[in-house]
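What follows is a single structure, written as structure tokens, with notes after it.
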Amino acid sequence: MENLTEKLKSCSSEILARLKFIAALAGEFNYPVYIVGGFVRDLILGVEDFDLDIVIEGDGIHFAKELSHRLKADFIKHRRFQTATIVIKDKTHPHPAPQEAAAVKPSSGAGGRFFSIGTKIDIATARKEIYEQPAALPRVSPGTIKDDLGRRDFSINAMAVSISEGAFGQLVDFYDSREDLRNRRIRVLHSLSFIDDPTRLLRIIRFEQRFNFSLEKTTLRLLKEAVNLKMLQKVHKHRLRDELILIFKEPQTVRCIKRVYALCGFEFIHPGLRLSSKMLAMLKKANETHMWFKNNFPHKRRLELWVLYLAVLLEGLPSLTLRKVLMEFAFHKSESKIVLSYKSDAQRISLKLKGAVSPSSIYKILEPLRYEVIILALAKTNEARIKNKLIDFLRLYNGSRIFTSGHELKALGVQPGPHFKEILKTLLYAKLDKKFHTKEEELSYLQNVILAKR
Ligand code: CTP
């Protein structure tokens with residue numbers, strides 16, 4: 001059996017320290033302990049992965065509780081699935097040197113300092129799954145590592161590496177997974193896999209596109225059968241939303257979306273939804289414009305690219321339907337607002353911008369909008385005139401400041417009230433339109449504004 005110790009040693013010292021710590025604690029409990037799932041796949045492929053998925057042949061929850069106690073970490077129990085998540089919150093201590101890490105022993109309270117902020121470890125009891133109903137969440141019961149690997153989605157995600165003392169680094173492969181990985185092939189472990197869990201229809205496309213793997217013949221046939229049975233339509237929309245977001249977050253999103261449409265269609269999002277070549281072009285433009293924004297405005301707020309993709313994908317739906325879809329999938333309010341605003345404002349903004357000449361009028365049109373909508377409007381327009389106005393807003397007008405504040409207004413005898421805001425706005429618009437430049441000029445402009453208001 002293949003041994004992956006050398007590969008494990010090439011992981012970051014932090015990961016290695018974490019593994020040794022877990023292994024030593026599992027030794028105290030006399031529990032066999034394994035790393036499983038995507039981490040093992042990525043380890044073999046040489047892809048860096050920070051998400052540790054640990055399986056214990058024993059009481060995983062009890063083990064996780066003790067681990068969290070010793071690491072002074074947060075402990076979140078998911079009773080239904082016999083799993084727990086540990087979130088290490090230590091913020092102050094440095095990462096260990098490799099030799100230091102290797103020497104870590106899980107004595108009470110000592111471990112926290114070897115981990116960085118927000119590190120997350122998933123820990124589970126090795127388990128069997130029974131799907132009582134297609135597309136519903138399974139009932140789980142304790143099992144062996146073989147059961148645990150056998151319940152998984154695809155063979156490439158169904159390997160484990162033992163980290164138990166004495167077996168450290170040993171690959172555990174009951175399902176010819178290693179061979180599939182070597183052949184860059186994705187295969188389900190049994191014929192009901194997509195029926196039990198139709199979210200796998202979307203997951204498989206993510207892995208296929210991410211690694212440029214192929215779908216094994218029978219797997220592809222099973223996928224098509226599950227699509228024909230409309231299995232995706234039977235899944236709770238919230239689970240579909242999570243899968244869609246993961247697709248939108250893949251590096252090759254546009255390719256992934258195309259493939260999802262080709263294999264599964266978009267009926268699971270909404271029966272009337274189609275993927276047109278215009279939409280595909282817009283998805284690409286959204287990506288490019290987002291990249292441009294990131295590179296040119298590194299200090300501005302980070303934008304969630306995936307929400308831009310969502311907005312483009314749903315743009316063609318009638319407004320009421322769009323609202324309904326966003327509600328059914330329970331996207332966050334702020335995400336839904338962007339999608340709705342893009343649908344209703346993008347075209348309107350371009351028209352309004354055509355007529356806007358002064359910086360303040362451009363500012364008034366764009367300032368109320370979310371950056372995401374502005375980026376999408378920029379991606380959408382082909383007119384240089386409009387593009388330039390959008391870019392001027394981002395580069396020059398937005399973030400422009402005046403010196404005057406409420407203090408100055410009070411000092412000039414203006415009574416506090418709603419008109420404070422009005423005066424400050426008037427001043428800002430005047431500044432954008434270059435009616436003054438220096439602080440002194442601003443003050444005398446302000447005095448005139450106040451006089452005019454009296
Ligand atoms: N899994 C599964 N069926 C699912 C979801 C997950 O069998 N519907 C299993 C797979 O073994 C997977 C593991 O749970 O490897 C962890 O799930 P997740 O973190 O979603 O997958 P990763 O393989 O780690 O994927 P990624 O690299 O995208 O994080």
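Residues in the structure tokens are named by chain (A, B, ... in the order shown) and by number from 1 within that chain; ligands are numbered from 1 in the order shown.
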
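The binding environment of ligand 1, defined as every protein, DNA or RNA residue with an atom no more than 7 Å away and counting only C-alpha atoms and all ligand atoms, comprises Gly37, Gly38, Phe39, Asp51, Arg151, Arg152, Asp153, Phe154, Asn157, Ala158, Asp197, Thr199 and Arg200 of chain A.
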
Could those selected residues go to a file with N, CA and C atoms, as a JSON list (two decimals), in the first residue's frame?
[["chain", "number", "residue", "atom", "x", "y", "z"],
["A", 37, "GLY", "N", -11.11, 12.50, 2.20],
["A", 37, "GLY", "CA", -11.78, 13.38, 1.24],
["A", 37, "GLY", "C", -10.84, 14.23, 0.39],
["A", 38, "GLY", "N", -11.29, 15.47, 0.15],
["A", 38, "GLY", "CA", -10.60, 16.36, -0.78],
["A", 38, "GLY", "C", -9.13, 16.60, -0.42],
["A", 39, "PHE", "N", -8.82, 16.60, 0.86],
["A", 39, "PHE", "CA", -7.45, 16.86, 1.26],
["A", 39, "PHE", "C", -6.52, 15.77, 0.72],
["A", 51, "ASP", "N", -8.14, 22.75, 4.14],
["A", 51, "ASP", "CA", -9.28, 22.22, 4.89],
["A", 51, "ASP", "C", -9.01, 20.80, 5.33],
["A", 151, "ARG", "N", -19.45, 5.71, 1.33],
["A", 151, "ARG", "CA", -20.67, 6.53, 1.24],
["A", 151, "ARG", "C", -20.41, 7.82, 0.47],
["A", 152, "ARG", "N", -19.18, 8.01, 0.01],
["A", 152, "ARG", "CA", -18.81, 9.32, -0.56],
["A", 152, "ARG", "C", -19.20, 9.46, -2.03],
["A", 153, "ASP", "N", -19.05, 10.70, -2.53],
["A", 153, "ASP", "CA", -19.54, 11.02, -3.87],
["A", 153, "ASP", "C", -18.79, 10.32, -5.00],
["A", 154, "PHE", "N", -17.50, 10.55, -5.08],
["A", 154, "PHE", "CA", -16.73, 10.04, -6.22],
["A", 154, "PHE", "C", -15.49, 9.33, -5.71],
["A", 157, "ASN", "N", -12.61, 11.22, -4.30],
["A", 157, "ASN", "CA", -12.79, 11.84, -2.97],
["A", 157, "ASN", "C", -12.97, 10.78, -1.89],
["A", 158, "ALA", "N", -12.68, 9.53, -2.24],
["A", 158, "ALA", "CA", -12.99, 8.44, -1.29],
["A", 158, "ALA", "C", -11.73, 7.71, -0.83],
["A", 197, "ASP", "N", -28.11, 11.62, -3.73],
["A", 197, "ASP", "CA", -27.67, 12.99, -3.49],
["A", 197, "ASP", "C", -27.45, 13.71, -4.82],
["A", 199, "THR", "N", -27.12, 16.70, -5.55],
["A", 199, "THR", "CA", -26.17, 17.82, -5.60],
["A", 199, "THR", "C", -24.85, 17.36, -6.22],
["A", 200, "ARG", "N", -24.66, 16.04, -6.22],
["A", 200, "ARG", "CA", -23.44, 15.50, -6.84],
["A", 200, "ARG", "C", -23.41, 15.74, -8.35]]

Find the residues around Lys77 (chain A) up to 10 Å (only C-alpha atoms counted), leave out those fewer than 6 positions away in its own chain, and share them as a tab-separated table (two decimals) with C-alpha atoms, in the first residue's frame.
chain	number	residue	atom	x	y	z
A	61	ILE	CA	-17.64	14.16	18.78
A	62	HIS	CA	-16.07	13.29	22.11
A	64	ALA	CA	-13.35	16.75	18.87
A	65	LYS	CA	-14.55	18.17	22.18
A	83	THR	CA	-19.52	15.56	13.07
A	84	ALA	CA	-17.97	18.56	14.72
A	85	THR	CA	-16.04	21.59	13.59
A	86	ILE	CA	-13.22	23.10	15.57
A	123	ILE	CA	-13.88	15.95	12.67
A	124	ALA	CA	-16.30	13.07	12.20

Which neighbours of Leu181 (chain A) fall inside 8 Å, counting only C-alpha atoms, when residues of the same chain fewer than 5 positions from it are skipped, and could you give them as a list of chain:residue names?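 What passes the distance filter is A:Arg41, A:Ile156, A:Ile186.
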
Contacts between region 257-266 of chain A and region 292-406 of chain A, please, where a residue of region 292-406 of chain A counts if it comes within 12 Å (with only C-alpha atoms); show its shortest atom pair and distance in Å to one decimal, rows by chain and ascending number, as a tab-separated table.
residue	atom	partner	partner_atom	distance
A:Trp306	CA	A:Ile257	CA	11.8
A:Tyr309	CA	A:Ile257	CA	9.7
A:Leu310	CA	A:Ile257	CA	10.7
A:Val312	CA	A:Ile257	CA	11.7
A:Leu313	CA	A:Ile257	CA	9.4
A:Leu314	CA	A:Phe266	CA	10.6

Near-Arg385 (chain A) list (10 Å; only C-alpha atoms; drop same-chain fewer than 6 positions) as an MDAnalysis selection string: chainID A and resid 350 353:354

Residues flagged strand (DSSP E) by DSSP in region 168-262 of chain A, as a PyMOL selection string: chain A and resi 171-172+185-186+214-215

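Interatomic distance, CA of Glu408 (chain A) to CA of Ile362 (chain A): 27.2 Å.
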
Mind the document's chain letters and residue numbers, and return as a count of residues only the residues of region 40-218 of chain A that DSSP labels alpha helix (DSSP H). 53

Quick one: residues within 8 Å of Thr218 (chain A), only C-alpha atoms counted, chain neighbours fewer than 3 positions away excluded, as a ChimeraX atom specification? /A:187,221-222

Can you list, as a PDB file with N, CA, C and O atoms, in the first residue's frame, every protein, DNA or RNA residue that comes within 12 Å of Glu422 (chain A) when you count only C-alpha atoms, leaving out same-chain residues fewer than 2 positions away?
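Resulting contents of selection33.pdb:
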ATOM      1  N   SER A 405     -17.244  70.270   7.925  1.00  0.00           N
ATOM      2  CA  SER A 405     -18.050  69.258   8.612  1.00  0.00           C
ATOM      3  C   SER A 405     -19.098  70.002   9.436  1.00  0.00           C
ATOM      4  O   SER A 405     -19.170  71.245   9.409  1.00  0.00           O
ATOM      5  N   GLY A 406     -19.867  69.262  10.200  1.00  0.00           N
ATOM      6  CA  GLY A 406     -20.905  69.862  11.045  1.00  0.00           C
ATOM      7  C   GLY A 406     -20.346  70.922  11.986  1.00  0.00           C
ATOM      8  O   GLY A 406     -21.023  71.918  12.262  1.00  0.00           O
ATOM      9  N   LEU A 409     -20.167  74.217  10.341  1.00  0.00           N
ATOM     10  CA  LEU A 409     -21.516  74.762  10.132  1.00  0.00           C
ATOM     11  C   LEU A 409     -22.044  75.383  11.426  1.00  0.00           C
ATOM     12  O   LEU A 409     -22.593  76.482  11.424  1.00  0.00           O
ATOM     13  N   PRO A 416     -28.276  72.947  13.868  1.00  0.00           N
ATOM     14  CA  PRO A 416     -28.262  71.545  13.417  1.00  0.00           C
ATOM     15  C   PRO A 416     -29.648  71.099  12.949  1.00  0.00           C
ATOM     16  O   PRO A 416     -30.654  71.542  13.513  1.00  0.00           O
ATOM     17  N   GLY A 417     -29.676  70.236  11.947  1.00  0.00           N
ATOM     18  CA  GLY A 417     -30.961  69.743  11.421  1.00  0.00           C
ATOM     19  C   GLY A 417     -30.727  69.108  10.066  1.00  0.00           C
ATOM     20  O   GLY A 417     -29.579  68.995   9.621  1.00  0.00           O
ATOM     21  N   PRO A 418     -31.818  68.704   9.403  1.00  0.00           N
ATOM     22  CA  PRO A 418     -31.681  68.000   8.118  1.00  0.00           C
ATOM     23  C   PRO A 418     -30.958  68.835   7.054  1.00  0.00           C
ATOM     24  O   PRO A 418     -30.302  68.289   6.154  1.00  0.00           O
ATOM     25  N   HIS A 419     -31.064  70.169   7.163  1.00  0.00           N
ATOM     26  CA  HIS A 419     -30.433  71.003   6.133  1.00  0.00           C
ATOM     27  C   HIS A 419     -28.902  70.960   6.212  1.00  0.00           C
ATOM     28  O   HIS A 419     -28.213  71.327   5.284  1.00  0.00           O
ATOM     29  N   PHE A 420     -28.347  70.479   7.353  1.00  0.00           N
ATOM     30  CA  PHE A 420     -26.884  70.276   7.464  1.00  0.00           C
ATOM     31  C   PHE A 420     -26.405  69.428   6.290  1.00  0.00           C
ATOM     32  O   PHE A 420     -25.472  69.753   5.589  1.00  0.00           O
ATOM     33  N   LEU A 424     -23.948  70.301   3.114  1.00  0.00           N
ATOM     34  CA  LEU A 424     -22.708  69.550   2.861  1.00  0.00           C
ATOM     35  C   LEU A 424     -22.728  68.926   1.464  1.00  0.00           C
ATOM     36  O   LEU A 424     -21.714  68.896   0.771  1.00  0.00           O
ATOM     37  N   LYS A 425     -23.893  68.444   1.055  1.00  0.00           N
ATOM     38  CA  LYS A 425     -24.029  67.857  -0.286  1.00  0.00           C
ATOM     39  C   LYS A 425     -23.775  68.927  -1.350  1.00  0.00           C
ATOM     40  O   LYS A 425     -23.029  68.707  -2.311  1.00  0.00           O
ATOM     41  N   THR A 426     -24.398  70.092  -1.171  1.00  0.00           N
ATOM     42  CA  THR A 426     -24.227  71.177  -2.145  1.00  0.00           C
ATOM     43  C   THR A 426     -22.744  71.505  -2.290  1.00  0.00           C
ATOM     44  O   THR A 426     -22.223  71.722  -3.396  1.00  0.00           O
ATOM     45  N   LEU A 427     -22.075  71.494  -1.138  1.00  0.00           N
ATOM     46  CA  LEU A 427     -20.650  71.813  -1.126  1.00  0.00           C
ATOM     47  C   LEU A 427     -19.831  70.744  -1.875  1.00  0.00           C
ATOM     48  O   LEU A 427     -18.941  71.063  -2.660  1.00  0.00           O
ATOM     49  N   LEU A 428     -20.188  69.485  -1.621  1.00  0.00           N
ATOM     50  CA  LEU A 428     -19.463  68.392  -2.279  1.00  0.00           C
ATOM     51  C   LEU A 428     -19.674  68.466  -3.799  1.00  0.00           C
ATOM     52  O   LEU A 428     -18.716  68.330  -4.573  1.00  0.00           O
ATOM     53  N   TYR A 429     -20.919  68.699  -4.235  1.00  0.00           N
ATOM     54  CA  TYR A 429     -21.175  68.782  -5.675  1.00  0.00           C
ATOM     55  C   TYR A 429     -20.364  69.929  -6.293  1.00  0.00           C
ATOM     56  O   TYR A 429     -19.803  69.787  -7.376  1.00  0.00           O
ATOM     57  N   LEU A 446     -18.938  78.263   1.057  1.00  0.00           N
ATOM     58  CA  LEU A 446     -19.891  77.817   2.070  1.00  0.00           C
ATOM     59  C   LEU A 446     -20.705  78.996   2.608  1.00  0.00           C
ATOM     60  O   LEU A 446     -21.928  78.904   2.772  1.00  0.00           O
ATOM     61  N   VAL A 449     -23.328  79.840   0.278  1.00  0.00           N
ATOM     62  CA  VAL A 449     -24.423  78.851   0.298  1.00  0.00           C
ATOM     63  C   VAL A 449     -25.348  79.135   1.478  1.00  0.00           C
ATOM     64  O   VAL A 449     -26.582  79.151   1.333  1.00  0.00           O
ATOM     65  N   ILE A 450     -24.726  79.411   2.642  1.00  0.00           N
ATOM     66  CA  ILE A 450     -25.537  79.644   3.848  1.00  0.00           C
ATOM     67  C   ILE A 450     -26.393  80.908   3.672  1.00  0.00           C
ATOM     68  O   ILE A 450     -27.599  80.915   3.967  1.00  0.00           O
ATOM     69  N   LYS A 453     -29.339  80.297   1.556  1.00  0.00           N
ATOM     70  CA  LYS A 453     -30.398  79.466   2.192  1.00  0.00           C
ATOM     71  C   LYS A 453     -31.209  80.260   3.208  1.00  0.00           C
ATOM     72  O   LYS A 453     -32.236  79.814   3.669  1.00  0.00           O
TER      73      LYS A 453
END

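Distances from A:Asn287, A:Thr119, A:Ser360, A:Asn228 to Asp392 (chain A) were compared using only C-alpha atoms, and the smallest one belongs to A:Ser360.
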
Which residues are near Glu243 (chain A)? Cut-off 12 Å, only C-alpha atoms, ignore same chain within fewer than 5 positions. Put them as a list in words.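 Within the cut-off, the hits are Pro198, Thr199, Arg200, Leu201, Leu202, Arg203, Ile204, Ile205, Arg206, Leu232, Val235, His236, Lys237, His238, Phe248, Lys249, Glu250, Cys256, Ile257, Val260, Phe268, Ile269, Trp306 and Phe329 of chain A.
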
Expressed in Å to a single decimal, how great is the separation between CA of Ser276 (chain A) and CA of Leu326 (chain A)?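 Interatomic distance, CA of Ser276 (chain A) to CA of Leu326 (chain A): 20.5 Å.
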